[in-house]
>>> print(open('run_30.cif').read())   # mmCIF, C-alpha atoms
data_final
loop_
_atom_site.label_atom_id
_atom_site.label_comp_id
_atom_site.auth_asym_id
_atom_site.auth_seq_id
_atom_site.Cartn_x
_atom_site.Cartn_y
_atom_site.Cartn_z
CA MET A 12 0.92 -2.78 -9.13
CA GLU A 13 -1.10 -5.46 -10.87
CA SER A 14 -3.32 -4.54 -13.80
CA ILE A 15 -6.78 -3.57 -12.60
CA THR A 16 -8.57 -2.80 -15.83
CA GLY A 17 -9.24 -4.92 -18.87
CA HIS A 18 -10.17 -8.58 -18.71
CA ASP A 19 -6.87 -10.40 -18.25
CA VAL A 20 -6.84 -13.39 -15.89
CA ALA A 21 -5.17 -11.62 -12.97
CA ASN A 22 -7.62 -8.77 -13.18
CA ALA A 23 -10.64 -11.07 -13.38
CA ASN A 24 -9.42 -12.91 -10.28
CA ALA A 25 -8.97 -9.65 -8.39
CA ARG A 26 -12.44 -8.50 -9.43
CA GLU A 27 -14.00 -11.78 -8.30
CA ALA A 28 -12.17 -11.66 -4.95
CA ALA A 29 -13.18 -8.02 -4.42
CA LEU A 30 -16.82 -8.77 -5.20
CA ARG A 31 -16.92 -11.62 -2.66
CA LEU A 32 -15.52 -9.37 0.05
CA TRP A 33 -17.41 -6.20 -0.85
CA ASN A 34 -20.74 -8.07 -0.99
CA PRO A 35 -20.50 -11.20 1.17
CA GLY A 36 -24.06 -12.19 0.31
CA PRO A 37 -27.08 -13.44 2.27
CA GLY A 38 -26.57 -14.73 5.76
CA VAL A 39 -23.70 -12.34 6.51
CA THR A 40 -24.58 -9.38 8.71
CA PRO A 41 -23.13 -6.06 7.52
CA VAL A 42 -20.56 -4.50 9.85
CA PRO A 43 -22.07 -1.53 11.73
CA LEU A 44 -19.88 1.55 11.21
CA TRP A 45 -19.66 5.08 12.52
CA LEU A 46 -17.43 7.33 10.40
CA ASP A 47 -15.71 10.36 11.94
CA CYS A 48 -14.13 12.55 9.25
CA ASP A 49 -12.88 15.97 8.16
CA THR A 50 -14.20 15.62 4.65
CA GLY A 51 -11.64 16.46 2.02
CA HIS A 52 -10.74 14.62 -1.16
CA ASP A 53 -9.83 11.21 0.26
CA ASP A 54 -12.55 11.34 2.93
CA ALA A 55 -15.08 11.50 0.08
CA PHE A 56 -13.92 8.03 -0.99
CA ALA A 57 -14.17 6.79 2.61
CA ILE A 58 -17.79 7.95 2.73
CA LEU A 59 -18.45 6.27 -0.63
CA LEU A 60 -17.10 2.89 0.50
CA ALA A 61 -18.75 3.00 3.94
CA ALA A 62 -22.13 4.06 2.55
CA CYS A 63 -22.30 1.86 -0.56
CA SER A 64 -20.71 -1.49 0.30
CA PRO A 65 -23.21 -4.19 1.29
CA ALA A 66 -20.56 -5.40 3.76
CA ALA A 67 -21.12 -2.25 5.84
CA CYS A 68 -24.02 -0.55 7.60
CA LEU A 69 -23.18 3.15 8.01
CA LEU A 70 -24.97 4.36 11.14
CA GLY A 71 -23.90 7.98 10.91
CA VAL A 72 -21.11 10.45 10.22
CA SER A 73 -19.57 12.97 12.59
CA THR A 74 -17.41 15.81 11.36
CA VAL A 75 -14.33 17.39 12.87
CA HIS A 76 -11.88 20.23 12.26
CA GLY A 77 -8.89 19.28 10.14
CA ASN A 78 -8.58 19.52 6.37
CA ALA A 79 -10.74 22.65 6.63
CA SER A 80 -12.89 24.39 9.23
CA LEU A 81 -15.67 22.42 10.89
CA ASP A 82 -18.21 24.42 8.93
CA ASP A 83 -16.60 23.42 5.63
CA THR A 84 -15.99 19.77 6.52
CA THR A 85 -19.64 19.46 7.53
CA LYS A 86 -20.88 21.04 4.28
CA ASN A 87 -18.55 18.78 2.29
CA THR A 88 -19.83 15.70 4.09
CA CYS A 89 -23.45 16.56 3.37
CA SER A 90 -22.65 17.28 -0.28
CA VAL A 91 -20.83 13.97 -0.76
CA LEU A 92 -23.67 12.01 0.83
CA ARG A 93 -26.14 13.71 -1.50
CA ALA A 94 -23.86 13.04 -4.47
CA ILE A 95 -23.80 9.30 -3.80
CA GLY A 96 -27.54 9.14 -3.15
CA ARG A 97 -27.31 8.68 0.63
CA PRO A 98 -28.74 11.89 2.13
CA ASP A 99 -30.50 9.61 4.65
CA VAL A 100 -27.24 9.09 6.56
CA PRO A 101 -27.32 11.45 9.58
CA VAL A 102 -24.47 13.98 9.97
CA PHE A 103 -23.40 15.52 13.27
CA PRO A 104 -20.84 18.36 13.57
CA GLY A 105 -18.24 17.70 16.23
CA ALA A 106 -15.17 19.47 17.58
CA VAL A 107 -14.28 22.83 16.08
CA LYS A 108 -10.73 22.76 17.49
CA PRO A 109 -8.20 20.41 19.13
CA LEU A 110 -8.32 19.59 22.83
CA CYS A 111 -5.75 22.18 23.89
CA ARG A 112 -4.29 24.01 20.87
CA ASP A 113 -5.35 26.11 17.91
CA PRO A 114 -6.76 24.42 14.80
CA VAL A 115 -4.61 23.80 11.71
CA HIS A 116 -6.08 23.37 8.23
CA ALA A 117 -4.62 21.80 5.08
CA GLU A 118 -5.45 24.41 2.45
CA SER A 119 -2.23 23.65 0.55
CA ILE A 120 -3.48 20.09 -0.03
CA HIS A 121 -7.27 20.32 -0.12
CA GLY A 122 -7.87 23.95 -1.12
CA ALA A 123 -9.76 26.64 0.79
CA SER A 124 -13.03 24.68 0.98
CA GLY A 125 -11.36 21.39 1.91
CA LEU A 126 -12.78 19.87 -1.29
CA ASP A 127 -11.65 22.14 -4.12
CA GLY A 128 -11.30 21.06 -7.74
CA THR A 129 -14.83 20.19 -8.84
CA THR A 130 -18.03 22.06 -9.65
CA LEU A 131 -20.17 18.91 -9.65
CA LEU A 132 -20.82 18.56 -5.92
CA PRO A 133 -24.52 18.97 -5.10
CA ASP A 134 -25.67 21.66 -2.70
CA PRO A 135 -25.27 20.32 0.84
CA GLY A 136 -28.88 21.07 1.70
CA GLU A 137 -29.81 21.90 5.27
CA ILE A 138 -26.68 21.97 7.44
CA PRO A 139 -27.11 20.19 10.78
CA PRO A 140 -26.76 22.43 13.84
CA MET A 141 -23.63 22.54 15.96
CA GLY A 142 -23.65 21.97 19.70
CA ASP A 143 -21.47 20.93 22.62
CA ASN A 144 -20.78 17.18 22.47
CA LEU A 145 -23.53 16.74 19.88
CA ALA A 146 -21.43 14.41 17.72
CA VAL A 147 -20.06 12.43 20.66
CA ASN A 148 -23.54 11.84 22.07
CA ALA A 149 -24.83 10.83 18.65
CA MET A 150 -21.99 8.31 18.31
CA TYR A 151 -22.89 6.81 21.65
CA THR A 152 -26.62 6.64 20.93
CA ALA A 153 -26.06 4.80 17.65
CA LEU A 154 -23.22 2.51 18.70
CA LYS A 155 -24.59 1.39 22.08
CA ASP A 156 -27.60 -0.16 20.35
CA THR A 157 -25.46 -2.46 18.19
CA PRO A 158 -24.77 -6.03 19.35
CA PRO A 159 -21.61 -6.21 21.49
CA GLN A 160 -18.33 -6.70 19.62
CA THR A 161 -19.81 -5.95 16.19
CA ALA A 162 -19.49 -2.21 15.50
CA TRP A 163 -16.47 -0.21 14.41
CA LEU A 164 -15.60 3.44 14.87
CA ILE A 165 -13.57 4.70 11.92
CA THR A 166 -11.66 7.98 12.08
CA THR A 167 -10.19 9.62 9.00
CA GLY A 168 -9.49 13.05 10.45
CA THR A 169 -8.11 14.49 13.64
CA LEU A 170 -8.83 12.40 16.73
CA THR A 171 -10.52 15.06 18.85
CA ASN A 172 -14.05 13.62 18.60
CA ALA A 173 -12.81 10.07 19.21
CA ALA A 174 -10.81 11.09 22.28
CA LEU A 175 -13.83 12.87 23.76
CA PHE A 176 -16.05 9.87 22.96
CA PHE A 177 -13.90 7.38 24.86
CA ALA A 178 -13.37 9.82 27.73
CA MET A 179 -17.12 10.38 28.13
CA TYR A 180 -18.20 6.81 27.42
CA PRO A 181 -15.39 4.45 28.51
CA SER A 182 -17.80 1.48 28.53
CA MET A 183 -17.78 1.64 24.73
CA ILE A 184 -14.19 0.36 24.68
CA GLU A 185 -15.50 -3.05 25.70
CA HIS A 186 -18.61 -2.80 23.52
CA LEU A 187 -16.96 -2.01 20.17
CA ALA A 188 -15.42 -4.58 17.88
CA GLY A 189 -12.71 -2.14 16.88
CA LEU A 190 -11.35 1.30 16.12
CA SER A 191 -9.78 1.99 12.72
CA ILE A 192 -7.64 5.11 12.41
CA MET A 193 -6.12 6.69 9.35
CA GLY A 194 -3.18 8.56 10.77
CA GLY A 195 0.45 8.59 11.73
CA VAL A 196 3.60 7.52 9.96
CA VAL A 197 6.31 5.10 11.07
CA GLY A 198 9.12 5.91 8.63
CA GLY A 199 12.46 4.18 8.76
CA PHE A 200 11.54 2.04 5.72
CA PHE A 201 8.70 0.30 7.55
CA THR A 202 7.37 -0.34 4.04
CA HIS A 203 8.52 0.44 0.49
CA ALA A 204 6.09 3.39 0.12
CA PRO A 205 7.46 6.77 -1.02
CA LEU A 206 7.26 9.22 1.91
CA GLY A 207 8.21 12.78 2.81
CA LYS A 208 9.11 15.81 0.75
CA LEU A 209 12.04 14.69 -1.39
CA SER A 210 13.32 16.07 -4.68
CA GLU A 211 14.78 12.66 -5.57
CA ARG A 212 13.57 9.17 -4.75
CA VAL A 213 14.84 5.60 -5.03
CA GLU A 214 12.12 3.07 -5.78
CA LEU A 215 12.19 0.12 -3.38
CA SER A 216 10.89 -3.41 -3.78
CA GLU A 217 7.42 -4.38 -2.53
CA LYS A 218 9.21 -7.19 -0.63
CA LEU A 219 10.96 -4.67 1.63
CA HIS A 220 8.78 -5.27 4.69
CA LYS A 221 9.41 -9.02 4.53
CA GLU A 222 13.14 -8.83 3.84
CA PHE A 223 13.73 -5.93 6.28
CA PRO A 224 11.01 -6.47 8.93
CA THR A 225 12.89 -4.69 11.72
CA TRP A 226 12.92 -1.39 9.78
CA LEU A 227 15.02 1.50 11.15
CA SER A 228 13.40 1.65 14.56
CA GLY A 229 14.37 4.42 16.94
CA ASP A 230 17.31 2.55 18.47
CA SER A 231 18.85 1.44 15.16
CA VAL A 232 22.58 2.16 14.77
CA MET A 233 22.76 1.21 11.09
CA THR A 234 24.53 3.86 9.01
CA THR A 235 23.19 5.07 5.68
CA GLU A 236 26.03 3.29 3.87
CA GLU A 237 25.26 0.04 5.69
CA LEU A 238 21.57 0.44 4.90
CA GLY A 239 22.23 1.04 1.22
CA ALA A 240 24.55 -1.95 0.98
CA HIS A 241 21.99 -4.08 2.83
CA PHE A 242 19.20 -3.08 0.44
CA ARG A 243 21.42 -3.69 -2.57
CA GLY A 244 22.53 -7.08 -1.28
CA LEU A 245 18.95 -8.21 -0.70
CA GLY A 246 17.87 -7.03 -4.15
CA LEU A 247 15.48 -4.45 -2.68
CA LEU A 248 16.33 -1.66 -5.13
CA LYS A 249 14.13 -1.62 -8.22
CA ASP A 250 17.06 -0.01 -10.06
CA GLN A 251 20.08 -1.99 -8.95
CA GLY A 252 22.22 0.21 -11.18
CA VAL A 253 21.64 3.37 -9.13
CA ALA A 254 24.96 4.96 -8.15
CA ASP A 255 26.03 4.67 -4.52
CA ASP A 256 26.34 8.42 -4.03
CA LYS A 257 22.75 9.02 -5.17
CA LEU A 258 21.50 6.03 -3.19
CA PHE A 259 23.15 7.12 0.05
CA ASN A 260 22.04 10.73 -0.41
CA VAL A 261 18.37 9.79 -0.96
CA LEU A 262 18.30 7.23 1.84
CA ASP A 263 19.91 9.71 4.24
CA LYS A 264 17.25 12.32 3.51
CA ALA A 265 14.45 9.75 3.64
CA LYS A 266 15.51 8.77 7.16
CA GLU A 267 14.66 12.27 8.36
CA SER A 268 11.71 13.18 6.12
CA PHE A 269 8.68 10.91 6.17
CA GLY A 270 5.77 13.01 7.46
CA ASN A 271 3.27 14.85 5.27
CA TRP A 272 2.88 17.94 7.47
CA SER A 273 6.21 18.16 9.24
CA PRO A 274 9.30 16.06 8.50
CA TYR A 275 8.22 13.65 11.24
CA ALA A 276 4.45 13.92 11.57
CA GLU A 277 1.34 13.00 9.64
CA PHE A 278 -1.37 15.68 9.50
CA ASN A 279 -4.21 13.99 11.44
CA ILE A 280 -1.98 13.22 14.43
CA PHE A 281 -0.12 16.55 14.21
CA CYS A 282 -3.38 18.51 14.49
CA ASP A 283 -4.28 17.06 17.90
CA PRO A 284 -1.46 14.95 19.33
CA GLU A 285 -2.97 15.06 22.82
CA ALA A 286 -6.16 13.43 21.53
CA ALA A 287 -4.17 10.76 19.70
CA ALA A 288 -2.02 10.03 22.75
CA SER A 289 -5.09 9.58 24.94
CA ILE A 290 -6.30 6.78 22.65
CA PHE A 291 -3.05 4.88 22.21
CA THR A 292 -2.36 4.83 25.96
CA ILE A 293 -5.54 2.88 26.83
CA PRO A 294 -4.39 -0.77 26.69
CA LYS A 295 -7.82 -2.32 26.06
CA LEU A 296 -8.53 0.19 23.30
CA ALA A 297 -5.09 -0.15 21.74
CA ALA A 298 -5.65 -3.90 21.48
CA LYS A 299 -8.76 -3.22 19.37
CA THR A 300 -7.18 -0.51 17.22
CA THR A 301 -5.98 -0.74 13.64
CA LEU A 302 -3.72 2.11 12.55
CA ILE A 303 -3.40 2.87 8.84
CA PRO A 304 -0.31 5.11 8.53
CA LEU A 305 1.20 6.84 5.51
CA ASP A 306 3.55 3.87 5.16
CA VAL A 307 0.50 1.91 4.00
CA THR A 308 -1.59 4.57 2.26
CA HIS A 309 1.30 5.75 0.08
CA GLN A 310 1.28 2.33 -1.58
CA VAL A 311 -2.26 2.95 -2.89
CA LEU A 312 -1.75 5.52 -5.63
CA ALA A 313 -4.50 6.77 -7.94
CA ASN A 314 -2.44 6.50 -11.11
CA ARG A 315 -3.68 6.89 -14.68
CA THR A 316 -5.01 3.33 -14.77
CA VAL A 317 -7.00 3.99 -11.61
CA LEU A 318 -8.36 7.29 -12.96
CA ASP A 319 -9.63 5.44 -16.02
CA LEU A 320 -11.29 2.85 -13.77
CA LEU A 321 -12.99 5.62 -11.79
CA ARG A 322 -14.15 7.40 -14.94
CA PHE A 323 -15.45 4.47 -16.98
CA GLY A 324 -15.83 1.52 -14.60
CA TYR A 325 -14.61 -2.04 -14.97
CA GLU A 326 -17.25 -3.02 -17.50
CA GLY A 327 -17.57 0.47 -18.93
CA ASP A 328 -17.34 1.82 -22.43
CA LYS A 329 -14.37 4.19 -22.76
CA GLY A 330 -16.70 6.65 -24.48
CA LYS A 331 -19.36 6.70 -21.75
CA THR A 332 -19.40 7.78 -18.13
CA THR A 333 -21.68 9.39 -15.54
CA GLY A 334 -21.74 12.64 -13.59
CA LEU A 335 -20.83 10.88 -10.36
CA ARG A 336 -17.81 9.18 -11.91
CA ILE A 337 -16.62 12.48 -13.34
CA LEU A 338 -17.02 14.04 -9.88
CA PHE A 339 -14.82 11.43 -8.20
CA GLN A 340 -12.29 11.54 -11.01
CA GLU A 341 -12.08 15.34 -10.63
CA ILE A 342 -11.61 14.93 -6.88
CA CYS A 343 -8.70 12.58 -7.53
CA THR A 344 -7.22 14.79 -10.25
CA PHE A 345 -7.11 17.85 -7.98
CA PHE A 346 -5.55 15.74 -5.23
CA ALA A 347 -2.96 14.48 -7.72
CA GLY A 348 -1.97 18.04 -8.56
CA THR A 349 -1.35 19.04 -4.96
CA TYR A 350 0.63 15.87 -4.22
CA ASP A 351 2.78 16.44 -7.26
CA ARG A 352 3.40 20.06 -6.28
CA GLU A 353 3.92 19.53 -2.53
CA PHE A 354 5.62 16.11 -2.43
CA GLY A 355 6.99 15.49 -5.90
CA MET A 356 4.74 12.43 -6.28
CA ASP A 357 3.90 12.45 -9.98
CA THR A 358 2.55 8.90 -10.28
CA GLY A 359 -0.74 9.71 -8.55
CA PRO A 360 -1.96 10.73 -5.10
CA PRO A 361 -2.33 8.27 -2.21
CA LEU A 362 -5.94 7.60 -1.28
CA HIS A 363 -5.56 7.49 2.50
CA ASP A 364 -8.96 7.46 4.14
CA PRO A 365 -11.00 4.68 2.49
CA ILE A 366 -8.23 2.27 3.45
CA ALA A 367 -9.27 2.74 7.09
CA VAL A 368 -12.82 1.77 6.11
CA ALA A 369 -11.51 -1.31 4.29
CA ALA A 370 -9.54 -2.30 7.40
CA ALA A 371 -12.82 -2.58 9.32
CA ILE A 372 -15.00 -4.35 6.74
CA VAL A 373 -12.46 -6.46 4.81
CA PRO A 374 -9.48 -7.06 7.14
CA GLU A 375 -8.57 -10.11 5.05
CA ILE A 376 -6.92 -7.97 2.36
CA PHE A 377 -4.26 -6.65 4.77
CA ASP A 378 -0.90 -8.21 5.65
CA ASP A 379 0.27 -7.67 9.24
CA LEU A 380 3.19 -10.10 9.06
CA ASP A 381 1.36 -12.90 10.86
CA GLY A 382 -0.08 -10.86 13.70
CA GLU A 383 2.42 -8.08 14.38
CA ARG A 384 1.24 -5.70 17.10
CA PHE A 385 2.76 -2.45 18.33
CA ALA A 386 2.90 0.06 21.16
CA VAL A 387 2.41 3.59 19.81
CA HIS A 388 3.81 6.72 21.44
CA VAL A 389 2.78 10.18 20.21
CA VAL A 390 5.33 12.97 20.69
CA ARG A 391 3.77 16.01 22.40
CA GLU A 392 4.82 19.30 23.95
CA GLY A 393 7.15 18.59 26.84
CA ASP A 394 8.69 15.47 25.31
CA ALA A 395 12.43 15.35 24.73
CA HIS A 396 12.09 15.86 20.96
CA VAL A 397 9.43 18.58 20.91
CA GLU A 398 10.43 19.54 17.35
CA GLN A 399 8.96 16.17 16.36
CA CYS A 400 5.54 16.99 17.85
CA GLY A 401 2.87 14.72 16.37
CA ARG A 402 5.31 11.96 15.47
CA THR A 403 4.09 8.40 16.02
CA ILE A 404 6.91 6.25 17.42
CA VAL A 405 6.11 2.56 17.32
CA LYS A 406 7.69 -0.39 19.08
CA ARG A 407 6.86 -3.96 18.15
CA ALA A 408 5.19 -5.93 20.94
CA PRO A 409 6.47 -9.41 21.83
CA LYS A 410 4.88 -12.13 19.71
CA GLY A 411 1.37 -12.89 20.92
CA GLN A 412 1.12 -9.78 23.11
CA PRO A 413 -1.73 -7.28 22.52
CA GLY A 414 -1.17 -3.94 20.87
CA VAL A 415 -2.13 -1.78 17.91
CA ARG A 416 -2.43 -3.54 14.57
CA ILE A 417 -0.39 -1.75 11.89
CA PRO A 418 -0.49 -3.63 8.59
CA ARG A 419 2.52 -3.45 6.28
CA THR A 420 0.57 -3.69 3.02
CA LEU A 421 -2.70 -4.78 1.40
CA HIS A 422 -4.07 -6.34 -1.78
CA ILE A 423 -4.25 -3.16 -3.83
CA PRO A 424 -6.16 -4.38 -6.94
CA GLU A 425 -8.98 -5.76 -4.77
CA PHE A 426 -9.18 -2.44 -2.93
CA TRP A 427 -9.58 -0.42 -6.15
CA HIS A 428 -12.20 -2.84 -7.42
CA MET A 429 -14.20 -2.29 -4.22
CA ILE A 430 -14.10 1.46 -4.85
CA ASP A 431 -15.35 0.88 -8.40
CA LEU A 432 -18.10 -1.45 -7.17
CA SER A 433 -19.20 1.25 -4.73
CA LEU A 434 -19.32 3.83 -7.52
CA ALA A 435 -21.42 1.44 -9.60
CA VAL A 436 -24.01 1.31 -6.81
CA ALA A 437 -23.92 5.03 -6.11
CA GLU A 438 -24.21 6.21 -9.71
CA LYS A 439 -27.62 4.51 -10.04
CA ARG A 440 -29.11 6.82 -7.41
CA SER A 441 -26.87 9.86 -7.74
CA PRO A 442 -28.37 13.26 -8.68
CA CYS A 443 -25.07 14.28 -10.35
CA VAL A 444 -25.36 14.94 -14.07
CA LEU A 445 -22.71 15.09 -16.74
CA PRO A 446 -21.32 18.59 -17.30
CA SER A 447 -22.54 20.16 -20.54
#
>>> encode(input="run_30.cif", output="structure tokens")
Amino acid sequence: MESITGHDVANANAREAALRLWNPGPGVTPVPLWLDCDTGHDDAFAILLAACSPAACLLGVSTVHGNASLDDTTKNTCSVLRAIGRPDVPVFPGAVKPLCRDPVHAESIHGASGLDGTTLLPDPGEIPPMGDNLAVNAMYTALKDTPPQTAWLITTGTLTNAALFFAMYPSMIEHLAGLSIMGGVVGGFFTHAPLGKLSERVELSEKLHKEFPTWLSGDSVMTTEELGAHFRGLGLLKDQGVADDKLFNVLDKAKESFGNWSPYAEFNIFCDPEAAASIFTIPKLAAKTTLIPLDVTHQVLANRTVLDLLRFGYEGDKGKTTGLRILFQEICTFFAGTYDREFGMDTGPPLHDPIAVAAAIVPEIFDDLDGERFAVHVVREGDAHVEQCGRTIVKRAPKGQPGVRIPRTLHIPEFWHMIDLSLAVAEKRSPCVLPS
């Protein structure tokens, strides 16, 4: 990853590029957004970016079951909005459970509250009431009044609310500019990102997606030994001196372990695979959808350099900070601990959810290999491989054909600078104070 703090030339260029994108200036209309989330640690950053970037106009937030119960995700959402000085953004509780199964929560990752690890969150204030289809109707009311082909729906939690929204209001498929989803995982070395629960890893080159664009799709017959030799021959191993036995062992395990909730499935899709499937099987909606899977988010790690940026800011004095910056650093630090414990990722946690916001407001920072599009199938009960329930199986569409956009990577320094720029706006109006 490029340097993102200090004032070296590369960093200054990234900062300048991020500022142009994050605040496009007069004459450019902000992108209308509706954010649907299950507010945990990374959702807090999604709210921050959506609510504080001048490139976006956040119309409202709906909450959903997922990282924690609906009650907790709603309280967390209200607290985060108050923390960043945006209590004016309306919040609407949505689905308390999946379409046709029991809810699952991620206490092992996000703690009992869904947002454990800090004492600096403000009181959520008055909690909005729950009601049947309240969130879905609120989405419709806000989004239908936007100019056609301008607004985005962004989902960073389970897809229950989104599925109900498009089922109840199918005309919105044509009206929206797009749908951005954080969810799913491709696997098969779709990118170089570290995935799955592995005790050992082999670091791969950032060029992997360009040198190995076909990845190990479902019909691949390449053996582990052939794959290892291929990677070595193309110079895609960061440590070319790694022994073959270790290389083959790690690659073999990585082929079968890439999810973050089950070996095959990412949490948001696993929680309500029926809801996810209903979205990906609507051709007109799929053609407007951007999917941000773990293969992308696990490239964006909040390492020590990033934590310093969050705490002190780009222009900041290393001895000075604010209550809001400490809050977001604590959120990241707790998240880092659970990712180290659960996944053996000791270089920092991936910040999944704000990347889905970035995909809607600054699509220029993403690389989709010159317009790659995909068909997405979600494994559900009754499918041949039911033990892989929640898995997202993707197939590349013929060149020029419509389908889901799944980027391979993004400009990571610019992304982190946009988070810092958002914090700089929020801290000026935040009620958070430094701990004594």
>>> resolve_selection(input="run_30.cif", expression="the PyMOL selection byres ((chain A and resi 85-98) around 7)", output="list of chain:residue names")
A:Thr50, A:Ala55, A:Leu59, A:Thr74, A:Leu81, A:Asp82, A:Asp83, A:Thr84, A:Asp99, A:Val100, A:Pro104, A:Leu126, A:Leu132, A:Pro133, A:Asp134, A:Pro135, A:Ile138, A:Leu335, A:Ala437, A:Glu438, A:Arg440, A:Ser441, A:Pro442, A:Cys443
>>> residues_around(input="run_30.cif", residues="Leu380 of chain A", least_positions_apart="5", cutoff="8 Å", atoms="only C-alpha atoms", output="list in words")
Lys221, Pro418 and Arg419 of chain A
>>> write_last_selection(input="run_30.cif", atoms="C-alpha atoms", output="PDB file, in the coordinates of the input")
ATOM      1  CA  LYS A 221       9.410  -9.020   4.530  1.00  0.00           C
ATOM      2  CA  PRO A 418      -0.490  -3.630   8.590  1.00  0.00           C
ATOM      3  CA  ARG A 419       2.520  -3.450   6.280  1.00  0.00           C
TER       4      ARG A 419
END
>>> resolve_selection(input="run_30.cif", expression="the PyMOL selection byres ((chain A and resi 357-371) around 7)", output="ChimeraX atom specification")
/A:53-54,56-57,60-61,163,165,167,191-193,303,308-314,346-347,350-351,355-356,372-374
>>> residues_near_point(input="run_30.cif", point="(-23.9, -7.1, 4.7)", cutoff="7 Å", atoms="only C-alpha atoms", output="PyMOL selection string")
chain A and resi 34-36+39-42+65-67
>>> residues_near_point(input="run_30.cif", point="(-13.6, 22.5, 17.9)", cutoff="10 Å", atoms="all atoms listed in the file", output="list of chain:residue names")
A:Val75, A:His76, A:Gly77, A:Ser80, A:Leu81, A:Pro104, A:Gly105, A:Ala106, A:Val107, A:Lys108, A:Pro109, A:Leu110, A:Cys111, A:Arg112, A:Asp113, A:Pro114, A:Asp143, A:Thr171, A:Asn172
>>> resolve_selection(input="run_30.cif", expression="the PyMOL selection byres ((chain A and resi 277-283) around 10)", output="PyMOL selection string")
chain A and resi 49+76-78+108-117+166-171+174+192-197+207+269-276+284-288+304-305+389-391+399-403
>>> closest_residue(input="run_30.cif", among="A:Glu185, A:Glu326, A:Glu211, A:Glu237", to="Lys264 of chain A", atoms="all atoms listed in the file")
A:Glu211
>>> closest_residue(input="run_30.cif", among="A:Phe339, A:Phe291, A:Phe354, A:Phe242", to="Val415 of chain A", atoms="all atoms listed in the file")
A:Phe291
>>> atom_distance(input="run_30.cif", atom1="atom CA of Glu118 of chain A", atom2="atom CA of Arg352 of chain A")
13.2 Å
>>> atom_distance(input="run_30.cif", atom1="atom CA of Ser231 of chain A", atom2="atom CA of Arg384 of chain A")
19.1 Å
>>> closest_residue(input="run_30.cif", among="A:Leu70, A:Leu131, A:Ala123, A:Ala25", to="Asp156 of chain A", atoms="all atoms listed in the file")
A:Leu70
>>> residues_around(input="run_30.cif", residues="Leu258 of chain A", least_positions_apart="2", cutoff="9 Å", atoms="all atoms listed in the file", output="MDAnalysis selection string")
chainID A and resid 212:213 236 239 253:256 260:263
>>> atom_distance(input="run_30.cif", atom1="atom CA of Ser210 of chain A", atom2="atom CA of His396 of chain A")
25.7 Å
>>> axis_aligned_box(input="run_30.cif", around="segment 253-268 of chain A", padding_each_side="4 Å", output="JSON")
{"center_x": 19.0, "center_y": 8.3, "center_z": -0.4, "size_x": 22.6, "size_y": 17.8, "size_z": 25.5}
>>> build_atoms(input="run_30.cif", residues="segment 294-305 of chain A", atoms="N, CA and C atoms", output="CSV table (one decimal), keeping the file's coordinate frame")
chain,number,residue,atom,x,y,z
A,294,PRO,N,-4.8,0.6,27.2
A,294,PRO,CA,-4.4,-0.8,26.7
A,294,PRO,C,-5.5,-1.5,26.0
A,295,LYS,N,-6.7,-1.6,26.6
A,295,LYS,CA,-7.8,-2.3,26.1
A,295,LYS,C,-8.2,-1.8,24.7
A,296,LEU,N,-8.2,-0.4,24.6
A,296,LEU,CA,-8.5,0.2,23.3
A,296,LEU,C,-7.4,0.0,22.3
A,297,ALA,N,-6.2,0.1,22.7
A,297,ALA,CA,-5.1,-0.2,21.7
A,297,ALA,C,-5.2,-1.5,21.1
A,298,ALA,N,-5.6,-2.5,22.0
A,298,ALA,CA,-5.6,-3.9,21.5
A,298,ALA,C,-6.7,-4.1,20.4
A,299,LYS,N,-7.7,-3.1,20.4
A,299,LYS,CA,-8.8,-3.2,19.4
A,299,LYS,C,-8.6,-2.2,18.2
A,300,THR,N,-7.4,-1.6,18.2
A,300,THR,CA,-7.2,-0.5,17.2
A,300,THR,C,-6.4,-1.0,16.0
A,301,THR,N,-6.8,-0.6,14.9
A,301,THR,CA,-6.0,-0.7,13.6
A,301,THR,C,-5.6,0.6,13.2
A,302,LEU,N,-4.3,0.8,13.0
A,302,LEU,CA,-3.7,2.1,12.6
A,302,LEU,C,-3.3,2.0,11.1
A,303,ILE,N,-3.8,2.9,10.3
A,303,ILE,CA,-3.4,2.9,8.8
A,303,ILE,C,-2.5,4.1,8.6
A,304,PRO,N,-1.2,4.0,8.7
A,304,PRO,CA,-0.3,5.1,8.5
A,304,PRO,C,0.0,5.4,7.1
A,305,LEU,N,0.8,6.5,6.9
A,305,LEU,CA,1.2,6.8,5.5
A,305,LEU,C,2.0,5.7,4.9
